[in-house]
Structure formats: C-alpha cells, structure tokens
file my_file23.cif (mmCIF, C-alpha atoms and all ligand atoms)
data_start
loop_
_atom_site.label_atom_id
_atom_site.label_comp_id
_atom_site.auth_asym_id
_atom_site.auth_seq_id
_atom_site.Cartn_x
_atom_site.Cartn_y
_atom_site.Cartn_z
CA MET K 279 -44.83 -52.92 107.51
CA VAL K 280 -42.93 -50.91 104.93
CA VAL K 281 -45.40 -48.23 103.79
CA LYS K 282 -43.95 -47.83 100.31
CA ASN K 283 -44.52 -51.54 99.63
CA VAL K 284 -48.28 -51.21 100.16
CA LEU K 285 -48.72 -47.68 98.87
CA HIS K 286 -49.83 -47.52 95.24
CA MET K 287 -52.55 -46.26 92.93
CA LYS K 288 -55.66 -48.39 92.46
CA ALA K 289 -54.64 -51.29 90.23
CA GLY K 290 -56.36 -52.76 87.18
CA ASP K 291 -58.75 -51.19 84.72
CA GLY K 292 -61.98 -51.16 86.71
CA VAL K 293 -64.20 -48.11 87.15
CA ASN K 294 -62.29 -47.05 90.26
CA SER K 295 -58.83 -47.83 88.90
CA TYR K 296 -56.17 -45.17 88.49
CA ALA K 297 -56.04 -46.04 84.77
CA ASN K 298 -59.66 -44.87 84.43
CA ASN K 299 -59.41 -41.93 86.81
CA SER K 300 -56.37 -39.99 85.68
CA LEU K 301 -57.84 -37.45 83.29
CA LEU K 302 -56.67 -34.53 85.42
CA GLN K 303 -53.09 -35.83 85.31
CA GLU K 304 -53.40 -36.29 81.54
CA THR K 305 -54.48 -32.65 81.25
CA ALA K 306 -51.43 -31.59 83.28
CA ILE K 307 -49.16 -33.64 80.99
CA LEU K 308 -50.73 -31.96 77.95
CA LYS K 309 -50.22 -28.52 79.49
CA ALA K 310 -46.56 -29.27 80.14
CA LYS K 311 -45.94 -30.24 76.50
CA SER K 312 -44.53 -26.86 75.47
CA ILE K 313 -42.17 -26.81 78.48
CA LEU K 314 -41.05 -30.30 77.54
CA LYS K 315 -40.30 -29.20 74.00
CA GLU K 316 -38.33 -26.15 75.12
CA THR K 317 -36.34 -28.27 77.59
CA ILE K 318 -35.41 -30.82 74.93
CA ARG K 319 -34.60 -28.05 72.46
CA SER K 320 -32.29 -26.38 74.98
CA MET K 321 -30.46 -29.71 75.38
CA PHE K 322 -29.71 -29.60 71.65
CA ILE K 323 -28.86 -25.93 71.40
CA LYS K 324 -26.71 -25.94 74.53
CA ASN K 325 -24.27 -28.22 72.76
CA SER K 326 -24.72 -27.32 69.12
CA PRO K 327 -27.80 -26.95 66.90
CA THR K 328 -26.72 -30.07 65.07
CA TYR K 329 -25.76 -32.04 68.17
CA LEU K 330 -27.71 -35.28 68.45
CA PRO K 331 -27.05 -37.97 71.06
CA THR K 332 -27.01 -41.50 69.69
CA SER K 333 -28.83 -42.94 72.67
CA PHE K 334 -31.60 -41.42 74.76
CA ARG K 335 -32.55 -42.52 78.26
CA ILE K 336 -35.97 -41.46 79.45
CA VAL K 337 -37.01 -42.00 83.07
CA ASP K 338 -40.55 -41.64 84.44
CA LEU K 339 -40.35 -41.33 88.23
CA GLY K 340 -43.83 -42.31 89.47
CA CYS K 341 -45.32 -43.76 86.29
CA SER K 342 -48.28 -45.49 87.97
CA SER K 343 -50.34 -48.01 85.97
CA GLY K 344 -52.47 -45.97 83.60
CA PRO K 345 -52.14 -44.95 79.96
CA ASN K 346 -50.57 -41.65 81.08
CA ALA K 347 -47.31 -43.44 81.76
CA LEU K 348 -46.43 -43.74 78.09
CA LEU K 349 -47.88 -40.39 77.04
CA PRO K 350 -44.86 -38.23 77.95
CA ILE K 351 -42.59 -40.88 76.41
CA SER K 352 -44.44 -40.50 73.08
CA TYR K 353 -44.20 -36.71 73.34
CA ILE K 354 -40.48 -36.85 74.05
CA ILE K 355 -39.78 -39.12 71.07
CA ASP K 356 -42.06 -37.04 68.80
CA THR K 357 -40.41 -33.84 69.99
CA ILE K 358 -36.91 -35.17 69.31
CA TYR K 359 -37.93 -36.05 65.75
CA GLN K 360 -39.69 -32.72 65.32
CA ILE K 361 -36.62 -30.78 66.47
CA CYS K 362 -34.43 -32.85 64.12
CA GLU K 363 -36.73 -31.85 61.27
CA GLU K 364 -36.71 -28.18 62.26
CA GLU K 365 -32.93 -28.11 62.66
CA ASN K 366 -32.33 -30.14 59.51
CA VAL K 367 -30.58 -32.87 61.43
CA THR K 368 -30.99 -36.45 60.33
CA PRO K 369 -32.31 -38.66 63.15
CA ASP K 370 -30.57 -41.70 61.64
CA ARG K 371 -27.83 -41.45 64.23
CA ILE K 372 -30.23 -42.30 67.05
CA SER K 373 -29.45 -45.90 67.86
CA GLU K 374 -31.95 -46.41 70.66
CA PHE K 375 -34.38 -45.03 73.19
CA GLN K 376 -34.13 -46.60 76.63
CA VAL K 377 -37.23 -46.02 78.74
CA PHE K 378 -37.28 -46.66 82.49
CA LEU K 379 -40.67 -46.66 84.19
CA ASN K 380 -40.34 -46.32 87.93
CA ASP K 381 -42.86 -46.58 90.75
CA PHE K 382 -43.31 -48.29 94.09
CA LEU K 383 -42.99 -52.07 94.23
CA GLY K 384 -46.76 -52.48 94.73
CA ASN K 385 -47.58 -50.60 91.53
CA ASP K 386 -49.62 -52.58 89.00
CA PHE K 387 -46.85 -52.93 86.43
CA ASN K 388 -48.75 -55.82 84.76
CA SER K 389 -51.53 -53.42 83.70
CA LEU K 390 -48.90 -51.05 82.42
CA PHE K 391 -47.46 -53.76 80.15
CA ASN K 392 -50.85 -53.93 78.39
CA PHE K 393 -50.34 -50.41 77.05
CA ILE K 394 -46.96 -51.20 75.52
CA PRO K 395 -48.14 -52.96 72.28
CA ASN K 396 -50.34 -49.97 71.43
CA PHE K 397 -47.47 -47.62 72.19
CA TYR K 398 -45.19 -49.52 69.78
CA LYS K 399 -47.96 -49.59 67.18
CA LYS K 400 -48.31 -45.81 67.37
CA LEU K 401 -44.58 -45.38 66.85
CA GLU K 402 -44.76 -47.77 63.93
CA ASN K 403 -47.73 -45.92 62.40
CA ALA K 404 -45.85 -42.65 62.70
CA LYS K 405 -43.16 -44.42 60.65
CA ARG K 406 -40.62 -43.77 63.32
CA GLU K 407 -37.68 -45.89 62.40
CA SER K 408 -36.82 -45.90 66.09
CA PHE K 409 -39.89 -47.88 67.13
CA SER K 410 -37.98 -51.14 66.95
CA ARG K 411 -35.18 -49.65 69.00
CA CYS K 412 -37.24 -48.36 71.89
CA PHE K 413 -36.63 -50.54 74.92
CA ILE K 414 -38.96 -50.23 77.90
CA SER K 415 -38.11 -51.55 81.34
CA VAL K 416 -39.78 -51.18 84.70
CA VAL K 417 -37.77 -50.17 87.72
CA PRO K 418 -39.69 -50.68 90.97
CA ASP K 419 -38.34 -49.18 94.17
C1 LIG U 501 -50.57 -39.24 90.81
S1 LIG U 501 -49.64 -40.61 90.27
C2 LIG U 501 -49.08 -40.03 88.69
C3 LIG U 501 -48.90 -41.16 87.74
C4 LIG U 501 -48.56 -40.81 86.31
N1 LIG U 501 -47.22 -40.23 86.25
C5 LIG U 501 -49.56 -39.88 85.68
O1 LIG U 501 -49.18 -38.79 85.28
O2 LIG U 501 -50.72 -40.25 85.54
C6 LIG U 501 -48.13 -40.49 91.22
C7 LIG U 501 -47.34 -41.77 91.20
O3 LIG U 501 -46.07 -41.55 91.80
C8 LIG U 501 -45.72 -42.67 92.57
N2 LIG U 501 -44.72 -42.28 93.58
C9 LIG U 501 -44.81 -41.38 94.55
N3 LIG U 501 -43.67 -41.32 95.27
C10 LIG U 501 -42.82 -42.23 94.73
C11 LIG U 501 -41.49 -42.65 95.02
N4 LIG U 501 -40.80 -42.15 96.05
N5 LIG U 501 -40.93 -43.61 94.25
C12 LIG U 501 -41.63 -44.13 93.21
N6 LIG U 501 -42.89 -43.79 92.88
C13 LIG U 501 -43.48 -42.84 93.63
C14 LIG U 501 -47.06 -43.13 93.17
O4 LIG U 501 -47.02 -44.48 93.55
C15 LIG U 501 -48.00 -42.89 91.98
O5 LIG U 501 -48.15 -44.03 91.19
#

call {"tool": "encode", "arguments": {"input": "my_file23.cif", "output": "structure tokens"}}
result
Amino acid sequence: MVVKNVLHMKAGDGVNSYANNSLLQETAILKAKSILKETIRSMFIKNSPTYLPTSFRIVDLGCSSGPNALLPISYIIDTIYQICEEENVTPDRISEFQVFLNDFLGNDFNSLFNFIPNFYKKLENAKRESFSRCFISVVPD
C-alpha cells in the first residue's frame, strides 16, 4: 500500500469534513496576508517598480478540499492589482493567471471544484478584468 495514495483530509462537506473544520487554517492564512503582500511587492521592486509580468503562475502545495484552497489565490490576485494601483502601473498587460492546486491523489478534488464558480464570481464582482483569464488546474501527486 502506498501511504500517500490513501492519506488525505476528510472528504466532502459533512460535519466532520475538512471543508467544515478548517477555521484554524483560515485564520493562519489571514495572518499571513501581510507577509504575502510584502513578498509580492518585493518581486515587483526587485526588478523595477513598474515591472509587471504578463503571466502569473500560482501553486498551492497541499490545497486540500476546503474553501481555504482558493483563499490565498484571491489574496494574491487582489494584492497584485492593489500593488499595480499603488505603483501606478496598469494591470492591462497581465494576460493570464495560471493556478495549480496540488495535493495527494486521494484528495477530494471534486469537492474543490464546487468552490470554483463562486471564486470566479467574486473576481467578476470585483470587476477584475482578469477573471476570464484565470485558469485553474489540479495537480495530484
Ligand atoms: C492541513 S491541510 C491544509 C490545506 C489547505 N492548504 C488549508 O490551508 O486549509 C494540509 C494538506 O497538505 C497535503 N499534503 C501534505 N503533504 C503533501 C505532499 N507531499 N504532497 C501533496 N500534498 C500534501 C495534505 O494532504 C493536506 O490536504
């Protein structure tokens, strides 16, 4: 038996599921928001204040199957737009966001897919032009 093929968080959206028992992790993600922003900012500044990549690749190593998986992705996209605004850089050059959600093979990726429409809707509501150019794929290992 290959352990990683059977090891995964509790699937589904029941009372005992990871999706409904990951508040602590959500809190940790929220606390890391400022670090995330500074890291992204340093990626800009390191090159040039007006440097903006045309394509972003975002990888979540260990995404699991709860709503938390797309939370840092939203923050990253929001932060990129926020920095563009602060630095007076037009985000029009961004052609796409490629998102790779990784976890063990046994992870409940199907439950994760259910969060994607809401994620796109949020991007749309925030009038992010990029929402239609954000491509999400799952990468089991
Ligand atoms: C505590 S959960 C965190 C999930 C999510 N990122 C969050 O913040 O709620 C950790 C996840 O990492 C995954 N994981 C641990 N080691 C891994 C590995 N070597 N490759 C892929 N996924 C891994 C587990 O399967 C689990 O779903």

call {"tool": "axis_aligned_box", "arguments": {"input": "my_file23.cif", "around": "region 307-315 of chain K", "padding_each_side": "4 Å", "output": "lines of an AutoDock Vina configuration file"}}
result
center_x = -45.5
center_y = -30.2
center_z = 77.5
size_x = 18.4
size_y = 14.8
size_z = 15.0

call {"tool": "residues_near_ligand", "arguments": {"input": "my_file23.cif", "ligand": "ligand LIG 501 (chain U)", "cutoff": "8 Å", "atoms": "all atoms listed in the file", "output": "list in words"}}
result
Lys282, Leu285, His286, Met287, Tyr296, Ala297, Ser300, Leu301, Gln303, Glu304, Ala306, Ile307, Asp338, Leu339, Gly340, Cys341, Ser342, Ser343, Gly344, Pro345, Asn346, Ala347, Asn380, Asp381, Phe382, Asn385, Pro418 and Asp419 of chain K

call {"tool": "closest_residue", "arguments": {"input": "my_file23.cif", "among": "K:Phe378, K:Gly384, K:Val280, K:Ser352", "to": "Lys399 (chain K)", "atoms": "all atoms listed in the file"}}
result
K:Ser352

call {"tool": "closest_residue", "arguments": {"input": "my_file23.cif", "among": "K:Arg371, K:Tyr359, K:Asp291, K:Lys315", "to": "Phe393 (chain K)", "atoms": "all atoms listed in the file"}}
result
K:Asp291

call {"tool": "atom_distance", "arguments": {"input": "my_file23.cif", "atom1": "CA of Glu374 (chain K)", "atom2": "CA of Cys412 (chain K)"}}
result
5.8 Å
